[in-house]
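Undergrad: Below is one structure. I have some questions about it.
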Amino acid sequence: MVLRDKAFLERVCVSSETSLQRALEIINDESSQFVLVVDPGGCLLGVVTDGDIRRAILRGSGLDSPVSSVMNRSPKLAFEGEQKWVLLNRMREHDIHFLVKVDGNRKVLGVVHFADVAVPKLRSNPVVIMAGGRGLRLGRLTANCPKPMLPIGKKPILEMIIEKLAAYGFNRFYISVNYLRERIVNYFGDGAKMGVDIAYIHEDEPLGTAGSLAFVDPVPCEPCVVMNGDVFTDLDFGALLDKHESSRCDGTVCVREIAYEIPFGVIDLDNRGEIRSIREKPTFSYMANAGIYVLNPDLIDMVPRGRVYHMTQLIEDALKIGKRLGSVMLDGLWIDVGHPDDFERACGLFGGEGY
């Protein structure tokens, strides 16, 4: 995602004393539309675009003026480790064409251009999002609003999920709806405003975490991504699908390591009831289902039509008949906003109001 090479980066980096004349020459020679103003250590001070220089000249500035007099000292940035969907949304939100990539000390690492992230590999695989739950654990927040429509920052969590998947090339969506379904259907419609295609699976009665898969129409002929509508993650969904297909498994389940500290000393006893050892507040960990799956068509075909059926049942039934199920560990951001504490955490990350 970094624009051009190291040599290019060195050519477009200038000192704060560089003249507007010289900056224009670099912009013209490199066809870059910008120069980066850095200190002697390579840390970003600001950005100057050809438009900045043009406006400065119209205001009466001379070409011998330093770039520091016109530079944007607070440009939009990209940081190490950020997913491309985050960068794409940032550029769209601010209507800009590039981001300067920096490390924690603002040392310039590169430039991410809109074209580098805006044209993902197209994925014809369908995505099913389970969005019919009531969200009872969230109390008053879901009294008049379906859980996936709760705003995290400026947008409903479901919109953020769809945008993220679309950034990885997915454009065929099925949303399973039940509780306050009209709020979801009226908001997203057929998906045209987001550049995707959305169809709905209407659950007249709750069908469990997998039951609505029986109503995906047409029946998928390739692996299908399935996820809960209250999960937010920085997972690379394209890489998830690629790993599933290369594994030749029938299904892939995303898992998350959960650690839990016992708030007491734990005593180990022998068969006579005598103490063998004691451990002070030990921590136990386990692999939890993260609510994101890739399922081959034959697994979806196993889902019974018209009755409550959970994903755990599907996994158990698949294992009983010898199906191969792989896993992908989620070690980055993963938030289940159905839990009040996690909803608060998500709002903190994205600027929402929470409770």
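Quick note on naming: the chains in the structure tokens go A, B, ... in the order shown, residues restart at 1 in each chain, and ligands are numbered from 1 in order of appearance.
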Could you pull the residues within 7 Å of Asn289 (chain A), counting only C-alpha atoms, minus those fewer than 4 positions along the same chain, as a list in words?
TA: Cys254, Val255 and Arg256 of chain A
Undergrad: Could you pull out the residues in region 100-308 of chain A that DSSP calls alpha helix (DSSP H) from the backbone, as a VMD selection string?
TA: chain A and resid 114 to 118 157 to 167 181 to 188 237 to 247 297 to 300
Undergrad: Those residues you just picked out, can you put them in a file as a short mmCIF file (atom, residue, chain, number, x, y, z; two decimals), in the first residue's frame with N, CA and C atoms?
TA:
data_model
loop_
_atom_site.label_atom_id
_atom_site.label_comp_id
_atom_site.auth_asym_id
_atom_site.auth_seq_id
_atom_site.Cartn_x
_atom_site.Cartn_y
_atom_site.Cartn_z
N PHE A 114 -4.91 6.66 -2.65
CA PHE A 114 -6.27 6.13 -2.73
C PHE A 114 -6.36 4.93 -3.67
N ALA A 115 -5.68 5.03 -4.80
CA ALA A 115 -5.75 3.96 -5.80
C ALA A 115 -5.15 2.66 -5.27
N ASP A 116 -4.27 2.75 -4.28
CA ASP A 116 -3.64 1.55 -3.74
C ASP A 116 -4.61 0.69 -2.94
N VAL A 117 -5.64 1.32 -2.39
CA VAL A 117 -6.56 0.58 -1.51
C VAL A 117 -7.99 0.56 -2.01
N ALA A 118 -8.30 1.36 -3.03
CA ALA A 118 -9.70 1.50 -3.46
C ALA A 118 -10.14 0.43 -4.45
N ILE A 157 -23.16 -0.10 13.68
CA ILE A 157 -22.16 -1.16 13.60
C ILE A 157 -22.33 -1.98 12.33
N LEU A 158 -23.58 -2.22 11.91
CA LEU A 158 -23.81 -3.03 10.71
C LEU A 158 -23.27 -2.34 9.47
N GLU A 159 -23.41 -1.03 9.38
CA GLU A 159 -22.87 -0.29 8.24
C GLU A 159 -21.35 -0.39 8.21
N MET A 160 -20.72 -0.31 9.38
CA MET A 160 -19.27 -0.42 9.44
C MET A 160 -18.80 -1.81 9.01
N ILE A 161 -19.57 -2.83 9.38
CA ILE A 161 -19.23 -4.21 8.97
C ILE A 161 -19.30 -4.34 7.45
N ILE A 162 -20.37 -3.83 6.86
CA ILE A 162 -20.55 -3.94 5.41
C ILE A 162 -19.46 -3.16 4.68
N GLU A 163 -19.16 -1.96 5.16
CA GLU A 163 -18.09 -1.16 4.53
C GLU A 163 -16.76 -1.89 4.57
N LYS A 164 -16.49 -2.51 5.68
CA LYS A 164 -15.22 -3.22 5.84
C LYS A 164 -15.14 -4.38 4.85
N LEU A 165 -16.18 -5.16 4.76
CA LEU A 165 -16.19 -6.29 3.83
C LEU A 165 -16.12 -5.81 2.38
N ALA A 166 -16.82 -4.72 2.08
CA ALA A 166 -16.78 -4.17 0.71
C ALA A 166 -15.37 -3.73 0.35
N ALA A 167 -14.62 -3.23 1.35
CA ALA A 167 -13.24 -2.80 1.08
C ALA A 167 -12.35 -3.98 0.71
N ARG A 181 -37.04 -5.34 12.21
CA ARG A 181 -36.39 -5.54 10.90
C ARG A 181 -36.51 -4.33 9.99
N GLU A 182 -37.63 -3.60 10.11
CA GLU A 182 -37.84 -2.47 9.20
C GLU A 182 -36.78 -1.40 9.37
N ARG A 183 -36.22 -1.27 10.57
CA ARG A 183 -35.17 -0.27 10.77
C ARG A 183 -33.95 -0.59 9.92
N ILE A 184 -33.64 -1.87 9.79
CA ILE A 184 -32.48 -2.29 9.00
C ILE A 184 -32.79 -2.19 7.51
N VAL A 185 -33.96 -2.72 7.11
CA VAL A 185 -34.33 -2.74 5.69
C VAL A 185 -34.47 -1.33 5.14
N ASN A 186 -35.10 -0.45 5.90
CA ASN A 186 -35.30 0.92 5.43
C ASN A 186 -33.98 1.68 5.34
N TYR A 187 -33.05 1.38 6.20
CA TYR A 187 -31.77 2.09 6.21
C TYR A 187 -30.88 1.68 5.04
N PHE A 188 -30.78 0.37 4.79
CA PHE A 188 -29.84 -0.11 3.77
C PHE A 188 -30.49 -0.32 2.40
N PHE A 237 -10.55 -9.92 5.74
CA PHE A 237 -11.50 -10.93 5.26
C PHE A 237 -11.04 -11.57 3.96
N GLY A 238 -10.31 -10.83 3.15
CA GLY A 238 -9.77 -11.42 1.94
C GLY A 238 -8.79 -12.52 2.25
N ALA A 239 -7.90 -12.25 3.21
CA ALA A 239 -6.92 -13.27 3.63
C ALA A 239 -7.61 -14.46 4.28
N LEU A 240 -8.70 -14.20 5.02
CA LEU A 240 -9.46 -15.30 5.63
C LEU A 240 -10.00 -16.23 4.56
N LEU A 241 -10.61 -15.67 3.53
CA LEU A 241 -11.17 -16.50 2.46
C LEU A 241 -10.06 -17.25 1.72
N ASP A 242 -8.96 -16.57 1.45
CA ASP A 242 -7.85 -17.23 0.76
C ASP A 242 -7.31 -18.40 1.59
N LYS A 243 -7.18 -18.20 2.89
CA LYS A 243 -6.67 -19.28 3.74
C LYS A 243 -7.64 -20.45 3.77
N HIS A 244 -8.91 -20.16 3.83
CA HIS A 244 -9.91 -21.24 3.82
C HIS A 244 -9.80 -22.06 2.55
N GLU A 245 -9.74 -21.37 1.42
CA GLU A 245 -9.71 -22.09 0.14
C GLU A 245 -8.43 -22.89 -0.02
N SER A 246 -7.31 -22.37 0.45
CA SER A 246 -6.06 -23.11 0.32
C SER A 246 -5.99 -24.29 1.29
N SER A 247 -6.75 -24.23 2.39
CA SER A 247 -6.72 -25.32 3.38
C SER A 247 -7.49 -26.55 2.92
N PRO A 297 -20.52 -24.79 0.44
CA PRO A 297 -21.95 -25.02 0.17
C PRO A 297 -22.50 -26.29 0.81
N ASP A 298 -21.70 -27.37 0.89
CA ASP A 298 -22.24 -28.61 1.45
C ASP A 298 -22.54 -28.47 2.94
N LEU A 299 -21.83 -27.60 3.65
CA LEU A 299 -22.16 -27.35 5.06
C LEU A 299 -23.45 -26.56 5.18
N ILE A 300 -23.62 -25.56 4.33
CA ILE A 300 -24.85 -24.77 4.36
C ILE A 300 -26.05 -25.65 4.02
#
Undergrad: Counting only C-alpha atoms, which of A:Val67, A:Leu333, A:Val216, A:Val303 gets nearest to Thr18 (chain A)?
TA: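 Ranked by minimum distance to Thr18 (chain A), first place goes to A:Val67.
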Undergrad: Between A:Asp236, A:Asp301, A:Glu30, A:Asp39, which one has atoms that come closest to Gln83 (chain A), using only C-alpha atoms?
TA: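 For Gln83 (chain A), the nearest of the candidates is A:Asp236.
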Undergrad: So which one's closest to Ile315 (chain A), A:Phe232, A:Thr209, A:Ile262, A:Met287? Using only C-alpha atoms, please.
TA: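 Ranking A:Phe232, A:Thr209, A:Ile262, A:Met287 by distance to Ile315 (chain A), first place goes to A:Thr209.
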Undergrad: Between A:Val225, A:Leu63, A:Ala346, A:Val100, which is the closest to Phe170 (chain A) once you count only C-alpha atoms?
TA: A:Val225
Undergrad: Hey, what's within 10 Å of Ala290 (chain A) if we count only C-alpha atoms and toss same-chain stuff fewer than 5 positions away? As a PDB file with N, CA and C atoms, in the first residue's frame, please?
TA:
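The resulting file, around_28.pdb, is shown below:
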ATOM      1  N   MET A 227     -21.203 -14.245   9.433  1.00  0.00           N
ATOM      2  CA  MET A 227     -20.755 -13.599  10.663  1.00  0.00           C
ATOM      3  C   MET A 227     -21.923 -12.975  11.413  1.00  0.00           C
ATOM      4  N   ASN A 228     -21.713 -12.791  12.700  1.00  0.00           N
ATOM      5  CA  ASN A 228     -22.703 -12.137  13.530  1.00  0.00           C
ATOM      6  C   ASN A 228     -22.692 -10.630  13.263  1.00  0.00           C
ATOM      7  N   VAL A 231     -20.433  -8.067  15.757  1.00  0.00           N
ATOM      8  CA  VAL A 231     -18.995  -8.287  15.934  1.00  0.00           C
ATOM      9  C   VAL A 231     -18.233  -7.296  15.067  1.00  0.00           C
ATOM     10  N   THR A 233     -14.256  -6.241  13.973  1.00  0.00           N
ATOM     11  CA  THR A 233     -12.894  -6.764  13.987  1.00  0.00           C
ATOM     12  C   THR A 233     -12.072  -6.112  12.893  1.00  0.00           C
ATOM     13  N   VAL A 253     -13.491 -21.709  11.093  1.00  0.00           N
ATOM     14  CA  VAL A 253     -14.070 -20.984  12.221  1.00  0.00           C
ATOM     15  C   VAL A 253     -13.015 -20.032  12.785  1.00  0.00           C
ATOM     16  N   CYS A 254     -13.355 -18.767  12.925  1.00  0.00           N
ATOM     17  CA  CYS A 254     -12.452 -17.825  13.559  1.00  0.00           C
ATOM     18  C   CYS A 254     -12.550 -17.983  15.073  1.00  0.00           C
ATOM     19  N   VAL A 255     -11.406 -18.008  15.724  1.00  0.00           N
ATOM     20  CA  VAL A 255     -11.377 -18.196  17.174  1.00  0.00           C
ATOM     21  C   VAL A 255     -10.594 -17.057  17.819  1.00  0.00           C
ATOM     22  N   ARG A 256     -10.892 -16.846  19.078  1.00  0.00           N
ATOM     23  CA  ARG A 256     -10.263 -15.777  19.852  1.00  0.00           C
ATOM     24  C   ARG A 256      -9.824 -16.356  21.192  1.00  0.00           C
ATOM     25  N   GLU A 257      -8.568 -16.102  21.564  1.00  0.00           N
ATOM     26  CA  GLU A 257      -8.109 -16.578  22.860  1.00  0.00           C
ATOM     27  C   GLU A 257      -8.638 -15.659  23.958  1.00  0.00           C
ATOM     28  N   VAL A 328      -8.960 -20.004  12.281  1.00  0.00           N
ATOM     29  CA  VAL A 328      -8.096 -18.838  12.115  1.00  0.00           C
ATOM     30  C   VAL A 328      -8.134 -18.067  13.420  1.00  0.00           C
ATOM     31  N   MET A 329      -6.961 -17.818  13.976  1.00  0.00           N
ATOM     32  CA  MET A 329      -6.861 -17.086  15.237  1.00  0.00           C
ATOM     33  C   MET A 329      -6.961 -15.576  14.990  1.00  0.00           C
ATOM     34  N   LEU A 330      -7.854 -14.928  15.713  1.00  0.00           N
ATOM     35  CA  LEU A 330      -7.957 -13.475  15.654  1.00  0.00           C
ATOM     36  C   LEU A 330      -7.116 -12.897  16.782  1.00  0.00           C
ATOM     37  N   TRP A 334     -11.060  -7.233  18.127  1.00  0.00           N
ATOM     38  CA  TRP A 334     -12.290  -8.039  18.065  1.00  0.00           C
ATOM     39  C   TRP A 334     -13.183  -7.591  19.206  1.00  0.00           C
ATOM     40  N   ILE A 335     -14.359  -7.084  18.863  1.00  0.00           N
ATOM     41  CA  ILE A 335     -15.283  -6.577  19.879  1.00  0.00           C
ATOM     42  C   ILE A 335     -16.668  -7.146  19.604  1.00  0.00           C
ATOM     43  N   ASP A 336     -17.260  -7.775  20.613  1.00  0.00           N
ATOM     44  CA  ASP A 336     -18.649  -8.224  20.564  1.00  0.00           C
ATOM     45  C   ASP A 336     -19.486  -7.143  21.240  1.00  0.00           C
TER      46      ASP A 336
END
Undergrad: Taking only C-alpha atoms into account, which of A:Val226, A:Ala214, A:Cys13, A:Val37 comes nearest Asn125 (chain A)?
TA: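 Looking at the shortest contact to Asn125 (chain A), the residue is A:Val226.
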Undergrad: Between A:Leu58, A:Val102, A:Gly110, A:Leu207, which is the closest to Phe8 (chain A) once you count only C-alpha atoms?
TA: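 Of the candidates, the smallest distance to Phe8 (chain A) is held by A:Gly110.
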Undergrad: Need to verify the contact set: Val294 (chain A), 6 Å, only C-alpha atoms, exclusion of same-chain residues closer than 5 positions in sequence. Can you return it as an MDAnalysis selection string?
TA: chainID A and resid 224:225 251:252
Undergrad: As JSON, numbers by chain, list the residues of region 238-353 of chain A assigned to strand (DSSP E or B) by DSSP on the backbone atoms of this structure.
TA: {"A": [251, 252, 253, 254, 255, 256, 257, 258, 259, 260, 261, 265, 266, 267, 268, 269, 275, 276, 277, 278, 279, 280, 283, 284, 285, 286, 287, 288, 289, 290, 291, 292, 293, 294, 295, 325, 326, 327, 328, 329, 334, 335, 336]}
Undergrad: For a test of reading the model, state the distance in Å between CA of Leu213 (chain A) and CA of Tyr293 (chain A), rounded to one decimal.
TA: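 About the pair CA of Leu213 (chain A) and CA of Tyr293 (chain A): they are 12.3 Å apart.
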Undergrad: For CA of Gln313 (chain A) and CA of Gly326 (chain A), quote the distance in Å rounded to one decimal.
TA: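 Separating CA of Gln313 (chain A) from CA of Gly326 (chain A) is a distance of 16.2 Å.
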Undergrad: Quick one: residues within 7 Å of Ile258 (chain A), only C-alpha atoms, excluding same-chain residues fewer than 4 positions away - as a PyMOL selection string?
TA: chain A and resi 285-288
Undergrad: Can you write just those residues out, N, CA and C atoms, as a compact mmCIF listing (two decimals), in the first residue's frame?
TA:
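selection14.txt, written as the output of this step:
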# COMPACT_ATOMS: atom_id res chain seq x y z
N SER A 285 -6.89 -19.86 30.11
CA SER A 285 -7.25 -19.37 28.79
C SER A 285 -7.93 -20.48 27.99
N TYR A 286 -8.76 -20.05 27.05
CA TYR A 286 -9.46 -21.00 26.18
C TYR A 286 -9.72 -20.33 24.84
N MET A 287 -9.99 -21.14 23.83
CA MET A 287 -10.29 -20.62 22.50
C MET A 287 -11.80 -20.46 22.35
N ALA A 288 -12.25 -19.25 22.14
CA ALA A 288 -13.67 -18.96 22.02
C ALA A 288 -14.06 -18.78 20.56
Undergrad: Report as JSON, numbers by chain all protein, DNA and RNA residues lying within 9 Å of Gln21 (chain A), evaluated on only C-alpha atoms, omitting residues in the same chain fewer than 4 positions from it.
TA: {"A": [25, 26, 62, 63, 64, 65, 66]}
